[in-house]
file input.txt (compact mmCIF, C-alpha atoms and all ligand atoms)
# COMPACT_ATOMS: atom_id res chain seq x y z
CA MET A 1 -17.93 -153.68 -91.22
CA GLN A 2 -20.35 -150.78 -91.72
CA ASP A 3 -20.03 -149.07 -95.10
CA TRP A 4 -20.16 -145.41 -94.16
CA ASP A 5 -19.61 -143.80 -97.53
CA HIS A 6 -23.20 -144.01 -98.75
CA LEU A 7 -24.37 -142.51 -95.45
CA PHE A 8 -22.04 -139.52 -95.44
CA ALA A 9 -23.39 -136.29 -96.99
CA ASN A 10 -22.06 -135.35 -100.44
CA ARG A 11 -20.16 -132.46 -98.89
CA SER A 12 -17.94 -134.85 -96.95
CA GLY A 13 -16.45 -136.03 -100.26
CA ARG A 14 -14.45 -132.80 -100.41
CA MET A 15 -13.10 -133.14 -96.89
CA GLY A 16 -9.59 -134.52 -97.33
CA ALA A 17 -6.97 -134.98 -94.60
CA SER A 18 -4.77 -131.90 -94.24
CA GLU A 19 -1.15 -132.47 -95.14
CA ILE A 20 -0.22 -129.73 -92.71
CA ARG A 21 -1.97 -131.38 -89.78
CA GLU A 22 -0.32 -134.71 -90.65
CA LEU A 23 3.03 -133.00 -90.88
CA LEU A 24 2.64 -131.29 -87.53
CA LYS A 25 3.03 -134.73 -86.00
CA LEU A 26 6.63 -134.67 -87.24
CA LEU A 27 7.42 -131.87 -84.83
CA ASP A 28 7.45 -134.45 -82.06
CA GLN A 29 10.40 -136.38 -83.50
CA PRO A 30 13.51 -135.22 -81.65
CA ASP A 31 15.93 -134.80 -84.59
CA MET A 32 13.45 -133.32 -87.03
CA ILE A 33 14.00 -129.75 -88.15
CA SER A 34 10.51 -128.73 -89.14
CA PHE A 35 9.81 -125.67 -91.25
CA ALA A 36 6.36 -127.13 -91.86
CA GLY A 37 3.94 -125.87 -89.22
CA GLY A 38 2.61 -122.33 -89.23
CA ILE A 39 3.10 -122.01 -85.53
CA PRO A 40 4.53 -119.40 -83.17
CA ASP A 41 7.51 -120.16 -80.94
CA PRO A 42 5.99 -121.28 -77.60
CA SER A 43 8.98 -119.96 -75.66
CA LEU A 44 7.74 -116.46 -76.57
CA PHE A 45 4.19 -116.88 -75.29
CA PRO A 46 3.26 -114.39 -72.52
CA ALA A 47 2.85 -117.35 -70.16
CA GLU A 48 3.31 -115.33 -66.94
CA GLU A 49 0.61 -112.87 -67.97
CA PHE A 50 -1.81 -115.73 -68.69
CA LYS A 51 -1.00 -117.38 -65.36
CA HIS A 52 -1.54 -114.12 -63.53
CA ALA A 53 -4.86 -113.45 -65.31
CA PHE A 54 -6.23 -116.93 -64.51
CA GLN A 55 -5.14 -116.55 -60.87
CA GLN A 56 -6.72 -113.12 -60.58
CA LEU A 57 -9.99 -114.46 -61.92
CA PHE A 58 -10.13 -117.20 -59.30
CA GLU A 59 -8.96 -114.98 -56.45
CA LYS A 60 -11.56 -112.31 -57.19
CA ASP A 61 -14.54 -114.66 -57.52
CA GLY A 62 -14.87 -113.89 -61.23
CA HIS A 63 -14.44 -117.58 -61.82
CA LEU A 64 -18.13 -118.42 -61.36
CA ALA A 65 -19.09 -116.26 -64.34
CA ALA A 66 -15.97 -117.49 -66.13
CA LEU A 67 -17.07 -121.11 -65.75
CA GLN A 68 -20.59 -120.34 -66.98
CA TYR A 69 -22.11 -120.18 -70.48
CA SER A 70 -22.05 -116.70 -71.97
CA VAL A 71 -23.52 -114.71 -74.87
CA SER A 72 -22.84 -115.93 -78.40
CA GLU A 73 -21.62 -112.48 -79.51
CA GLY A 74 -18.70 -112.78 -77.09
CA TYR A 75 -17.53 -111.20 -73.85
CA LEU A 76 -18.38 -107.49 -74.06
CA PRO A 77 -15.11 -106.10 -72.57
CA LEU A 78 -13.15 -108.16 -75.09
CA ARG A 79 -15.30 -106.89 -77.96
CA GLU A 80 -14.81 -103.34 -76.69
CA TRP A 81 -11.04 -103.79 -76.59
CA ILE A 82 -11.07 -105.21 -80.14
CA ALA A 83 -13.28 -102.34 -81.37
CA GLY A 84 -10.58 -99.96 -80.04
CA GLN A 85 -7.90 -101.86 -81.99
CA MET A 86 -10.02 -101.79 -85.15
CA ALA A 87 -10.46 -98.01 -84.77
CA ASP A 88 -6.65 -97.67 -84.57
CA LEU A 89 -6.46 -99.53 -87.89
CA GLY A 90 -8.81 -97.00 -89.50
CA ILE A 91 -12.00 -99.00 -88.97
CA PRO A 92 -14.19 -97.09 -86.50
CA CYS A 93 -16.79 -99.51 -85.15
CA GLY A 94 -18.58 -100.54 -81.97
CA PRO A 95 -18.72 -103.84 -80.07
CA ASP A 96 -21.92 -104.70 -81.99
CA ASN A 97 -19.78 -104.97 -85.09
CA ILE A 98 -17.64 -107.67 -83.48
CA MET A 99 -18.33 -111.35 -82.84
CA ILE A 100 -15.81 -113.45 -80.95
CA THR A 101 -14.92 -116.74 -82.64
CA SER A 102 -12.93 -119.80 -81.64
CA GLY A 103 -10.03 -118.67 -83.80
CA ALA A 104 -10.15 -116.99 -87.19
CA GLN A 105 -10.63 -120.49 -88.56
CA GLN A 106 -14.12 -120.66 -87.09
CA GLY A 107 -14.88 -117.29 -88.68
CA LEU A 108 -13.95 -118.70 -92.09
CA ASP A 109 -16.13 -121.76 -91.57
CA TYR A 110 -19.12 -119.65 -90.51
CA LEU A 111 -18.66 -117.30 -93.45
CA GLY A 112 -18.59 -120.29 -95.80
CA LYS A 113 -21.81 -121.47 -94.19
CA LEU A 114 -23.40 -118.03 -94.45
CA PHE A 115 -22.53 -117.25 -98.07
CA LEU A 116 -21.99 -120.45 -100.03
CA SER A 117 -24.69 -122.66 -101.46
CA ALA A 118 -23.39 -125.68 -103.39
CA GLY A 119 -22.15 -124.50 -106.80
CA ASP A 120 -21.56 -120.86 -105.76
CA THR A 121 -18.20 -119.34 -106.59
CA ALA A 122 -15.54 -118.08 -104.20
CA LEU A 123 -12.63 -116.01 -105.54
CA VAL A 124 -9.39 -117.01 -103.82
CA GLY A 125 -5.67 -116.40 -104.23
CA TRP A 126 -3.63 -118.83 -106.32
CA PRO A 127 -2.11 -120.00 -103.91
CA THR A 128 -4.17 -119.30 -100.79
CA TYR A 129 -4.49 -120.40 -97.17
CA LEU A 130 -5.14 -124.13 -97.13
CA GLY A 131 -7.36 -123.88 -94.04
CA ALA A 132 -9.67 -121.47 -95.88
CA LEU A 133 -10.07 -123.96 -98.73
CA GLN A 134 -10.82 -126.67 -96.17
CA ALA A 135 -13.39 -124.49 -94.42
CA PHE A 136 -15.11 -123.47 -97.67
CA ASN A 137 -14.94 -126.94 -99.28
CA ALA A 138 -17.60 -128.23 -96.92
CA TYR A 139 -20.09 -125.88 -98.63
CA GLU A 140 -19.23 -127.23 -102.09
CA PRO A 141 -18.21 -124.07 -103.93
CA ALA A 142 -16.41 -123.60 -107.23
CA TYR A 143 -13.19 -121.59 -107.02
CA GLU A 144 -11.96 -118.91 -109.37
CA ARG A 145 -8.67 -117.08 -109.26
CA LEU A 146 -8.83 -113.73 -107.49
CA ASP A 147 -7.25 -111.06 -109.70
CA PRO A 148 -6.01 -108.11 -107.58
CA GLN A 149 -5.15 -106.21 -110.78
CA ASN A 150 -8.83 -106.38 -111.70
CA ASN A 151 -8.08 -107.21 -115.33
CA ARG A 152 -10.69 -109.88 -115.90
CA PRO A 153 -14.08 -108.64 -117.10
CA VAL A 154 -16.91 -108.96 -114.60
CA GLU A 155 -19.12 -110.73 -117.19
CA ASP A 156 -16.52 -113.53 -117.39
CA PHE A 157 -16.83 -114.23 -113.66
CA HIS A 158 -20.61 -114.17 -113.82
CA ALA A 159 -20.67 -116.47 -116.83
CA SER A 160 -18.39 -119.12 -115.33
CA ALA A 161 -20.23 -118.96 -111.99
CA LYS A 162 -23.44 -119.71 -113.87
CA VAL A 163 -21.81 -122.72 -115.52
CA SER A 164 -20.85 -123.97 -112.03
CA GLY A 165 -24.49 -123.68 -111.03
CA GLY A 166 -24.44 -120.65 -108.74
CA ALA A 167 -23.32 -117.04 -108.32
CA VAL A 168 -20.07 -115.33 -107.26
CA LYS A 169 -20.41 -114.68 -103.51
CA PHE A 170 -17.14 -113.41 -102.12
CA ALA A 171 -13.46 -112.76 -102.62
CA TYR A 172 -11.21 -114.17 -99.88
CA CYS A 173 -7.71 -112.87 -99.31
CA SER A 174 -5.03 -112.19 -96.74
CA PRO A 175 -3.54 -108.81 -97.73
CA ASP A 176 -0.69 -108.80 -95.20
CA PHE A 177 2.04 -111.49 -95.16
CA ALA A 178 -0.20 -114.10 -96.68
CA ASN A 179 -0.05 -117.76 -95.86
CA PRO A 180 1.67 -119.41 -97.77
CA THR A 181 3.71 -116.83 -99.74
CA GLY A 182 4.41 -114.22 -97.05
CA GLU A 183 3.54 -111.58 -99.66
CA THR A 184 1.68 -108.33 -99.07
CA LEU A 185 -0.77 -106.68 -101.45
CA SER A 186 0.13 -103.17 -102.63
CA LEU A 187 -2.29 -100.29 -102.11
CA ALA A 188 -3.26 -100.45 -105.79
CA GLU A 189 -3.99 -104.19 -105.49
CA ARG A 190 -6.12 -103.58 -102.40
CA GLN A 191 -8.09 -100.95 -104.26
CA GLY A 192 -8.29 -103.32 -107.24
CA ILE A 193 -9.92 -106.01 -105.11
CA LEU A 194 -12.46 -103.54 -103.73
CA ASP A 195 -13.20 -102.22 -107.24
CA GLN A 196 -13.74 -105.74 -108.48
CA ALA A 197 -15.96 -106.58 -105.53
CA ASP A 198 -18.01 -103.42 -106.22
CA GLN A 199 -18.41 -104.37 -109.86
CA LEU A 200 -19.35 -107.96 -109.00
CA ASP A 201 -21.43 -106.89 -105.99
CA ILE A 202 -19.86 -109.50 -103.73
CA ALA A 203 -18.48 -109.60 -100.19
CA VAL A 204 -14.75 -109.39 -99.42
CA ILE A 205 -13.40 -111.61 -96.66
CA GLU A 206 -10.19 -110.12 -95.29
CA ASP A 207 -8.12 -112.64 -93.34
CA ALA A 208 -5.87 -110.59 -91.06
CA ALA A 209 -4.28 -113.46 -89.11
CA TYR A 210 -0.74 -112.09 -89.59
CA GLN A 211 -1.46 -108.37 -89.86
CA ALA A 212 0.20 -107.37 -86.58
CA LEU A 213 3.45 -109.13 -87.49
CA ARG A 214 5.19 -106.49 -89.64
CA TYR A 215 9.00 -106.39 -89.34
CA ASP A 216 9.83 -103.68 -91.85
CA GLY A 217 8.29 -101.41 -94.48
CA GLU A 218 5.28 -99.14 -94.11
CA ALA A 219 1.98 -100.52 -92.84
CA LEU A 220 -0.78 -100.41 -95.43
CA PRO A 221 -4.44 -99.87 -94.54
CA PRO A 222 -6.53 -103.04 -94.23
CA LEU A 223 -9.06 -103.63 -97.01
CA MET A 224 -11.78 -102.86 -94.53
CA ALA A 225 -10.23 -99.46 -93.70
CA LEU A 226 -10.12 -98.61 -97.41
CA ASP A 227 -13.69 -99.79 -97.78
CA THR A 228 -14.73 -97.63 -94.80
CA GLN A 229 -12.97 -94.62 -96.39
CA ARG A 230 -14.93 -95.21 -99.59
CA THR A 231 -18.30 -95.69 -97.98
CA GLY A 232 -17.91 -93.48 -94.92
CA ASP A 233 -19.50 -95.96 -92.53
CA ILE A 234 -18.82 -99.57 -91.48
CA GLU A 235 -22.51 -100.34 -91.99
CA LYS A 236 -22.07 -99.63 -95.70
CA THR A 237 -18.95 -101.75 -96.19
CA ARG A 238 -18.83 -105.06 -98.06
CA THR A 239 -15.66 -106.22 -96.29
CA ILE A 240 -15.70 -108.76 -93.47
CA TYR A 241 -12.56 -108.78 -91.36
CA CYS A 242 -11.33 -111.95 -89.60
CA GLY A 243 -8.87 -111.30 -86.77
CA SER A 244 -6.94 -113.70 -84.55
CA PHE A 245 -5.08 -113.78 -81.24
CA SER A 246 -3.24 -116.93 -82.33
CA LYS A 247 -0.17 -115.39 -83.90
CA THR A 248 0.27 -112.66 -81.28
CA LEU A 249 -0.78 -113.95 -77.84
CA SER A 250 -1.64 -117.68 -77.98
CA PRO A 251 -3.18 -120.11 -80.48
CA GLY A 252 -4.09 -122.50 -77.65
CA MET A 253 -6.68 -120.04 -76.30
CA ARG A 254 -8.52 -120.46 -79.62
CA LEU A 255 -9.81 -116.92 -79.88
CA GLY A 256 -10.37 -114.69 -82.86
CA TRP A 257 -13.05 -112.32 -84.11
CA VAL A 258 -15.10 -111.21 -87.05
CA CYS A 259 -15.69 -107.49 -87.61
CA ALA A 260 -18.44 -106.55 -90.06
CA ALA A 261 -21.63 -104.57 -90.62
CA LYS A 262 -24.33 -105.51 -88.10
CA PRO A 263 -26.58 -107.53 -90.47
CA VAL A 264 -23.64 -109.90 -91.11
CA ILE A 265 -22.78 -110.12 -87.39
CA ARG A 266 -26.42 -110.88 -86.50
CA LYS A 267 -26.47 -113.85 -88.92
CA LEU A 268 -23.10 -115.09 -87.70
CA VAL A 269 -24.36 -114.99 -84.11
CA LEU A 270 -27.23 -117.29 -85.11
CA ILE A 271 -24.75 -119.66 -86.75
CA LYS A 272 -22.61 -119.61 -83.62
CA GLN A 273 -25.59 -120.32 -81.40
CA ALA A 274 -26.31 -123.41 -83.45
CA ALA A 275 -22.69 -124.51 -83.65
CA ASP A 276 -21.16 -124.03 -80.19
CA LEU A 277 -23.27 -121.46 -78.25
CA ASN A 278 -20.26 -119.41 -77.26
CA SER A 279 -16.46 -119.44 -77.36
CA SER A 280 -14.89 -120.40 -74.03
CA THR A 281 -16.03 -117.82 -71.47
CA ILE A 282 -13.01 -118.22 -69.23
CA ASN A 283 -10.59 -117.88 -72.12
CA GLN A 284 -12.33 -114.72 -73.31
CA MET A 285 -12.12 -113.16 -69.85
CA VAL A 286 -8.47 -114.07 -69.45
CA MET A 287 -7.64 -112.90 -72.98
CA THR A 288 -9.19 -109.52 -72.21
CA ALA A 289 -6.89 -109.05 -69.22
CA VAL A 290 -3.80 -110.26 -71.09
CA ALA A 291 -4.51 -108.19 -74.21
CA LYS A 292 -5.00 -105.08 -72.06
CA SER A 293 -1.82 -105.71 -70.09
CA CYS A 294 0.66 -106.66 -72.81
CA PHE A 295 -0.62 -106.77 -76.42
CA ASP A 296 1.68 -104.04 -77.75
CA SER A 297 4.78 -105.16 -75.86
CA GLN A 298 4.16 -108.78 -76.87
CA VAL A 299 3.86 -107.83 -80.55
CA ALA A 300 7.09 -105.80 -80.25
CA LYS A 301 8.86 -108.73 -78.55
CA ILE A 302 7.90 -111.43 -81.04
CA SER A 303 8.40 -109.12 -84.02
CA GLY A 304 12.01 -108.53 -82.94
CA VAL A 305 12.72 -112.27 -82.68
CA TYR A 306 10.83 -113.27 -85.83
CA LYS A 307 12.51 -110.53 -87.87
CA GLU A 308 15.91 -111.95 -86.91
CA ARG A 309 14.79 -115.45 -87.83
CA ARG A 310 13.44 -114.28 -91.18
CA ASP A 311 16.78 -112.59 -91.86
CA HIS A 312 18.67 -115.75 -90.85
CA MET A 313 16.57 -117.85 -93.17
CA LEU A 314 16.96 -115.42 -96.08
CA ALA A 315 20.73 -115.32 -95.55
CA ALA A 316 20.91 -119.13 -95.25
CA LEU A 317 18.93 -119.49 -98.49
CA GLU A 318 21.39 -117.15 -100.26
CA ARG A 319 24.26 -119.29 -99.00
CA HIS A 320 22.90 -122.75 -99.63
CA MET A 321 20.35 -122.76 -102.45
CA PRO A 322 21.52 -123.71 -105.93
CA ALA A 323 20.81 -121.55 -109.00
CA GLY A 324 17.30 -121.96 -110.44
CA ILE A 325 15.46 -121.58 -107.13
CA SER A 326 13.80 -118.32 -106.09
CA TRP A 327 11.96 -117.24 -102.95
CA SER A 328 9.79 -114.47 -101.50
CA ARG A 329 11.20 -111.77 -99.19
CA PRO A 330 8.28 -110.98 -96.89
CA GLU A 331 8.07 -107.89 -94.71
CA GLY A 332 6.39 -109.86 -91.92
CA GLY A 333 4.39 -112.93 -91.01
CA MET A 334 5.76 -116.43 -90.71
CA PHE A 335 6.49 -117.84 -94.15
CA LEU A 336 8.81 -117.87 -97.13
CA TRP A 337 7.70 -119.33 -100.46
CA LEU A 338 10.16 -121.18 -102.66
CA GLN A 339 9.79 -121.72 -106.41
CA LEU A 340 11.74 -124.71 -107.75
CA PRO A 341 12.38 -125.46 -111.43
CA GLU A 342 9.10 -126.33 -113.24
CA THR A 343 9.85 -130.03 -113.53
CA MET A 344 10.42 -130.59 -109.82
CA ASP A 345 7.76 -131.93 -107.46
CA ALA A 346 7.95 -130.62 -103.87
CA ALA A 347 5.75 -133.44 -102.53
CA GLU A 348 8.25 -136.01 -103.81
CA LEU A 349 11.11 -133.98 -102.37
CA LEU A 350 9.40 -133.90 -99.00
CA GLN A 351 9.52 -137.69 -98.72
CA ARG A 352 13.28 -137.61 -99.21
CA ALA A 353 13.80 -134.51 -97.08
CA VAL A 354 12.04 -136.17 -94.17
CA SER A 355 13.52 -139.66 -94.46
CA GLU A 356 17.08 -138.73 -95.47
CA GLN A 357 17.64 -135.22 -94.12
CA ASN A 358 15.23 -134.91 -91.19
CA VAL A 359 13.88 -131.66 -92.57
CA ALA A 360 10.20 -130.91 -93.19
CA PHE A 361 8.32 -128.24 -95.16
CA VAL A 362 4.89 -128.01 -96.78
CA PRO A 363 4.64 -128.81 -100.49
CA GLY A 364 3.01 -126.03 -102.49
CA HIS A 365 0.17 -127.84 -104.24
CA ALA A 366 -1.74 -128.02 -100.93
CA PHE A 367 -2.40 -124.26 -101.24
CA PHE A 368 -3.84 -124.22 -104.75
CA ALA A 369 -7.55 -124.77 -105.24
CA ASP A 370 -6.75 -126.75 -108.42
CA GLY A 371 -3.82 -128.72 -106.93
CA SER A 372 -1.26 -126.99 -109.20
CA GLY A 373 1.96 -125.43 -107.86
CA ARG A 374 3.77 -128.74 -107.49
CA ASN A 375 7.13 -127.01 -107.90
CA CYS A 376 6.57 -124.69 -104.91
CA LEU A 377 7.04 -125.13 -101.18
CA ARG A 378 6.41 -123.19 -97.98
CA LEU A 379 8.97 -122.67 -95.23
CA ASN A 380 8.07 -121.41 -91.77
CA PHE A 381 10.76 -119.24 -90.18
CA THR A 382 9.27 -118.56 -86.73
CA SER A 383 9.42 -121.87 -84.93
CA CYS A 384 13.17 -122.69 -85.16
CA GLY A 385 16.10 -120.75 -83.73
CA PRO A 386 19.05 -119.53 -85.89
CA GLU A 387 21.15 -122.71 -85.52
CA LYS A 388 18.38 -125.00 -86.64
CA ILE A 389 17.51 -122.65 -89.47
CA GLU A 390 21.12 -122.79 -90.70
CA GLN A 391 21.30 -126.57 -90.35
CA GLY A 392 17.92 -127.22 -91.94
CA ILE A 393 18.44 -124.88 -94.90
CA SER A 394 21.93 -126.21 -95.55
CA ARG A 395 20.58 -129.81 -95.64
CA LEU A 396 17.72 -128.75 -97.89
CA GLY A 397 20.11 -126.81 -100.13
CA ALA A 398 22.42 -129.82 -100.54
CA MET A 399 19.49 -132.05 -101.42
CA LEU A 400 18.08 -129.54 -103.91
CA ALA A 401 21.49 -128.96 -105.51
CA ASP A 402 21.70 -132.68 -106.14
CA ARG A 403 18.17 -132.75 -107.66
CA VAL A 404 18.66 -129.60 -109.75
CA ALA A 405 21.88 -131.11 -111.17
CA LYS A 406 19.96 -134.28 -112.11
CA VAL A 407 17.06 -132.49 -113.86
CA ALA A 408 19.36 -130.00 -115.65
C1 LIG A 501 -4.14 -117.13 -93.03
C2 LIG A 501 -4.66 -117.80 -91.80
N1 LIG A 501 -5.92 -117.57 -91.42
C3 LIG A 501 -6.46 -118.14 -90.33
C4 LIG A 501 -5.72 -119.03 -89.57
C5 LIG A 501 -6.38 -119.67 -88.38
O1 LIG A 501 -6.06 -118.96 -87.26
P1 LIG A 501 -6.75 -119.24 -85.85
O2 LIG A 501 -5.73 -119.94 -85.02
O3 LIG A 501 -7.10 -117.88 -85.35
O4 LIG A 501 -7.96 -120.08 -86.08
C6 LIG A 501 -4.41 -119.32 -89.91
C7 LIG A 501 -3.63 -120.28 -89.12
O5 LIG A 501 -2.56 -120.69 -89.44
C8 LIG A 501 -3.87 -118.70 -91.07
O6 LIG A 501 -2.63 -118.95 -91.47
call {"tool": "encode", "arguments": {"input": "input.txt", "output": "structure tokens", "more": "lines below"}}
Ligand SMILES: Cc1ncc(COP(=O)(O)O)c(C=O)c1O
result
Amino acid sequence: MQDWDHLFANRSGRMGASEIRELLKLLDQPDMISFAGGIPDPSLFPAEEFKHAFQQLFEKDGHLAALQYSVSEGYLPLREWIAGQMADLGIPCGPDNIMITSGAQQGLDYLGKLFLSAGDTALVGWPTYLGALQAFNAYEPAYERLDPQNNRPVEDFHASAKVSGGAVKFAYCSPDFANPTGETLSLAERQGILDQADQLDIAVIEDAAYQALRYDGEALPPLMALDTQRTGDIEKTRTIYCGSFSKTLSPGMRLGWVCAAKPVIRKLVLIKQAADLNSSTINQMVMTAVAKSCFDSQVAKISGVYKERRDHMLAALERHMPAGISWSRPEGGMFLWLQLPETMDAAELLQRAVSEQNVAFVPGHAFFADGSGRNCLRLNFTSCGPEKIEQGISRLGAMLADRVAKVA
């Protein structure tokens, strides 16, 4: 048999299988109650609007262009629509500040490729989005803990980056309803990140995958809006905003965007040309029609349902969780984050939860760049209805009560 390992590039050594992707396979088992995936409820997709938009395209002869290659920057009417949305968020920009990506995930990969040489440092949350770590890992960075309070001296960051053999390049964070914790950064923390980035002279990657999904509380300005207020012009900002249609309209269309100053967009376009030429033309055209026809009503619809599910899960946790376990109370997004007693290991619990209780979640260590956080776990509250939430949390609660009693 061929020995591949000595042929693979060094960077492949840091490409491990994703626990989340493995776990998603569990969703197919009929009795499984899965709080594992970070996925929307498919019954809420605007399926009729998509069907109508595809039909319209074929009936009006637009399909020939739709079936063709297109520009790497992305379909202009879609970029124009997105630029309008960004302006509403306090980020005035033009379509030249937008590049369409095949999901926000592709944006993260390209940004890793653009900024990270092996040994460079990326500042990330502790925990942070697992998919971002996977995307960045391929470029062999070192990770340091992002400190939104901006308490750590800049010289410290520079010194440890030097030890790792590179320089600090960017801070990555998801200020609204982060994956995995569901937590939102305060205004002071947002300003703290920008202050720190100014002092370090690094880029800020703002992952806004869940930003539209706010169920209560006041919306806070995106990092990029605050950066634009400070600098007065998107061309002077250091923030790079990654948006996504996955959590609002459809993840299967695989469409997202990057919004940034033009020099960054121009480089990303070259990366995209080399990687996949363009995101699906037909999907971009259809997404433009669907976004124009129903984006706001769709966000209102799913927010209503997801808010109820979040409340069901919070109430079920109150009812069924034993003392010694705490959890986040997010104002939006898709996730709750549970902290178990220090001595407990969520990965071990998962084995039992799946085999004995038919309940799945994601163990916390997957979201920490250093593999810590073994006593934490992530629960998704958007993909199951109230009955399943009640059943799943009550099973999980009974199992945890038994374990907590044993470790006490
Ligand atoms: C924080 C975060 N960023 C990005 C993504 C990727 O989104 P997309 O489907 O747009 O690639 C996800 C998906 O779960 C996510 O949770």
call {"tool": "closest_residue", "arguments": {"input": "input.txt", "among": "A:Phe45, A:Tyr210, A:Tyr241, A:Phe50", "to": "ligand LIG 501 (chain A)", "atoms": "all atoms listed in the file"}}
result
A:Tyr210
call {"tool": "closest_atom_pairs", "arguments": {"input": "input.txt", "of": "chain A", "to": "ligand LIG 501 (chain A)", "cutoff": "6 Å", "atoms": "all atoms listed in the file", "output": "tab-separated table"}}
result
residue	atom	partner	partner_atom	distance
A:Gly38	CA	A:LIG501	O5	5.4
A:Gly103	CA	A:LIG501	O4	3.4
A:Ala104	CA	A:LIG501	O3	3.7
A:Gln105	CA	A:LIG501	O4	3.7
A:Tyr129	CA	A:LIG501	C1	5.3
A:Asn179	CA	A:LIG501	C1	5.0
A:Asp207	CA	A:LIG501	N1	5.7
A:Ala209	CA	A:LIG501	N1	5.0
A:Ser244	CA	A:LIG501	O3	4.3
A:Ser246	CA	A:LIG501	O2	4.7
A:Pro251	CA	A:LIG501	O2	5.2
A:Gly256	CA	A:LIG501	O3	5.2
call {"tool": "write_last_selection", "arguments": {"input": "input.txt", "atoms": "C-alpha atoms", "output": "short mmCIF file (atom, residue, chain, number, x, y, z; two decimals), in the frame of the given file"}}
result
data_model
loop_
_atom_site.label_atom_id
_atom_site.label_comp_id
_atom_site.auth_asym_id
_atom_site.auth_seq_id
_atom_site.Cartn_x
_atom_site.Cartn_y
_atom_site.Cartn_z
CA GLY A 38 2.61 -122.33 -89.23
CA GLY A 103 -10.03 -118.67 -83.80
CA ALA A 104 -10.15 -116.99 -87.19
CA GLN A 105 -10.63 -120.49 -88.56
CA TYR A 129 -4.49 -120.40 -97.17
CA ASN A 179 -0.05 -117.76 -95.86
CA ASP A 207 -8.12 -112.64 -93.34
CA ALA A 209 -4.28 -113.46 -89.11
CA SER A 244 -6.94 -113.70 -84.55
CA SER A 246 -3.24 -116.93 -82.33
CA PRO A 251 -3.18 -120.11 -80.48
CA GLY A 256 -10.37 -114.69 -82.86
#
call {"tool": "closest_residue", "arguments": {"input": "input.txt", "among": "A:Met287, A:Leu44, A:Ala171, A:Ala366", "to": "Ile240 in chain A", "atoms": "all atoms listed in the file"}}
result
A:Ala171
call {"tool": "atom_distance", "arguments": {"input": "input.txt", "atom1": "CA of Pro77 in chain A", "atom2": "CA of Asp109 in chain A"}}
result
24.6 Å
call {"tool": "residues_around", "arguments": {"input": "input.txt", "residues": "range 262-268 of chain A", "least_positions_apart": "5", "cutoff": "8 Å", "atoms": "only C-alpha atoms", "output": "JSON, numbers by chain"}}
result
{"A": [96, 97, 98, 99, 110, 111, 114, 235]}
call {"tool": "residues_around", "arguments": {"input": "input.txt", "residues": "Gln199 in chain A", "least_positions_apart": "3", "cutoff": "10 Å", "atoms": "only C-alpha atoms", "output": "MDAnalysis selection string"}}
result
chainID A and resid 150 153:155 193:196 202
call {"tool": "closest_residue", "arguments": {"input": "input.txt", "among": "A:Asp370, A:Asp31, A:Asp311, A:Glu140", "to": "Gln357 in chain A", "atoms": "all atoms listed in the file"}}
result
A:Asp31
call {"tool": "closest_residue", "arguments": {"input": "input.txt", "among": "A:Leu223, A:Leu349, A:Leu123, A:Ala135", "to": "His158 in chain A", "atoms": "all atoms listed in the file"}}
result
A:Leu123
call {"tool": "closest_residue", "arguments": {"input": "input.txt", "among": "A:Ile271, A:Ile282, A:Cys173, A:Ala203", "to": "Ser70 in chain A", "atoms": "only C-alpha atoms"}}
result
A:Ile282
call {"tool": "atom_distance", "arguments": {"input": "input.txt", "atom1": "CA of Gln55 in chain A", "atom2": "CA of Val286 in chain A"}}
result
9.5 Å
call {"tool": "axis_aligned_box", "arguments": {"input": "input.txt", "around": "range 346-356 of chain A", "padding_each_side": "8 Å", "output": "JSON"}}
result
{"center_x": 11.4, "center_y": -135.1, "center_z": -99.0, "size_x": 27.3, "size_y": 25.0, "size_z": 25.7}
call {"tool": "atom_distance", "arguments": {"input": "input.txt", "atom1": "CA of Leu400 in chain A", "atom2": "CA of Ala178 in chain A"}}
result
25.0 Å
call {"tool": "closest_residue", "arguments": {"input": "input.txt", "among": "A:Ser394, A:Thr382, A:Ser328, A:Thr184", "to": "Gln211 in chain A", "atoms": "all atoms listed in the file"}}
result
A:Thr184
call {"tool": "residues_near_point", "arguments": {"input": "input.txt", "point": "(-14.8, -116.7, -105.4)", "cutoff": "6 Å", "atoms": "all atoms listed in the file", "output": "PyMOL selection string"}}
result
chain A and resi 121-124+143-144+168+170-171
call {"tool": "write_last_selection", "arguments": {"input": "input.txt", "atoms": "C-alpha atoms", "output": "compact mmCIF listing (two decimals), in the coordinates of the input"}}
result
# COMPACT_ATOMS: atom_id res chain seq x y z
CA THR A 121 -18.20 -119.34 -106.59
CA ALA A 122 -15.54 -118.08 -104.20
CA LEU A 123 -12.63 -116.01 -105.54
CA VAL A 124 -9.39 -117.01 -103.82
CA TYR A 143 -13.19 -121.59 -107.02
CA GLU A 144 -11.96 -118.91 -109.37
CA VAL A 168 -20.07 -115.33 -107.26
CA PHE A 170 -17.14 -113.41 -102.12
CA ALA A 171 -13.46 -112.76 -102.62
call {"tool": "residues_near_point", "arguments": {"input": "input.txt", "point": "(-1.4, -111.2, -68.4)", "cutoff": "6 Å", "atoms": "all atoms listed in the file", "output": "ChimeraX atom specification"}}
result
/A:49-50,52-53,289-290,293
call {"tool": "residues_around", "arguments": {"input": "input.txt", "residues": "range 78-84 of chain A", "least_positions_apart": "6", "cutoff": "7 Å", "atoms": "all atoms listed in the file", "output": "PyMOL selection string"}}
result
chain A and resi 93-95+98+284+288
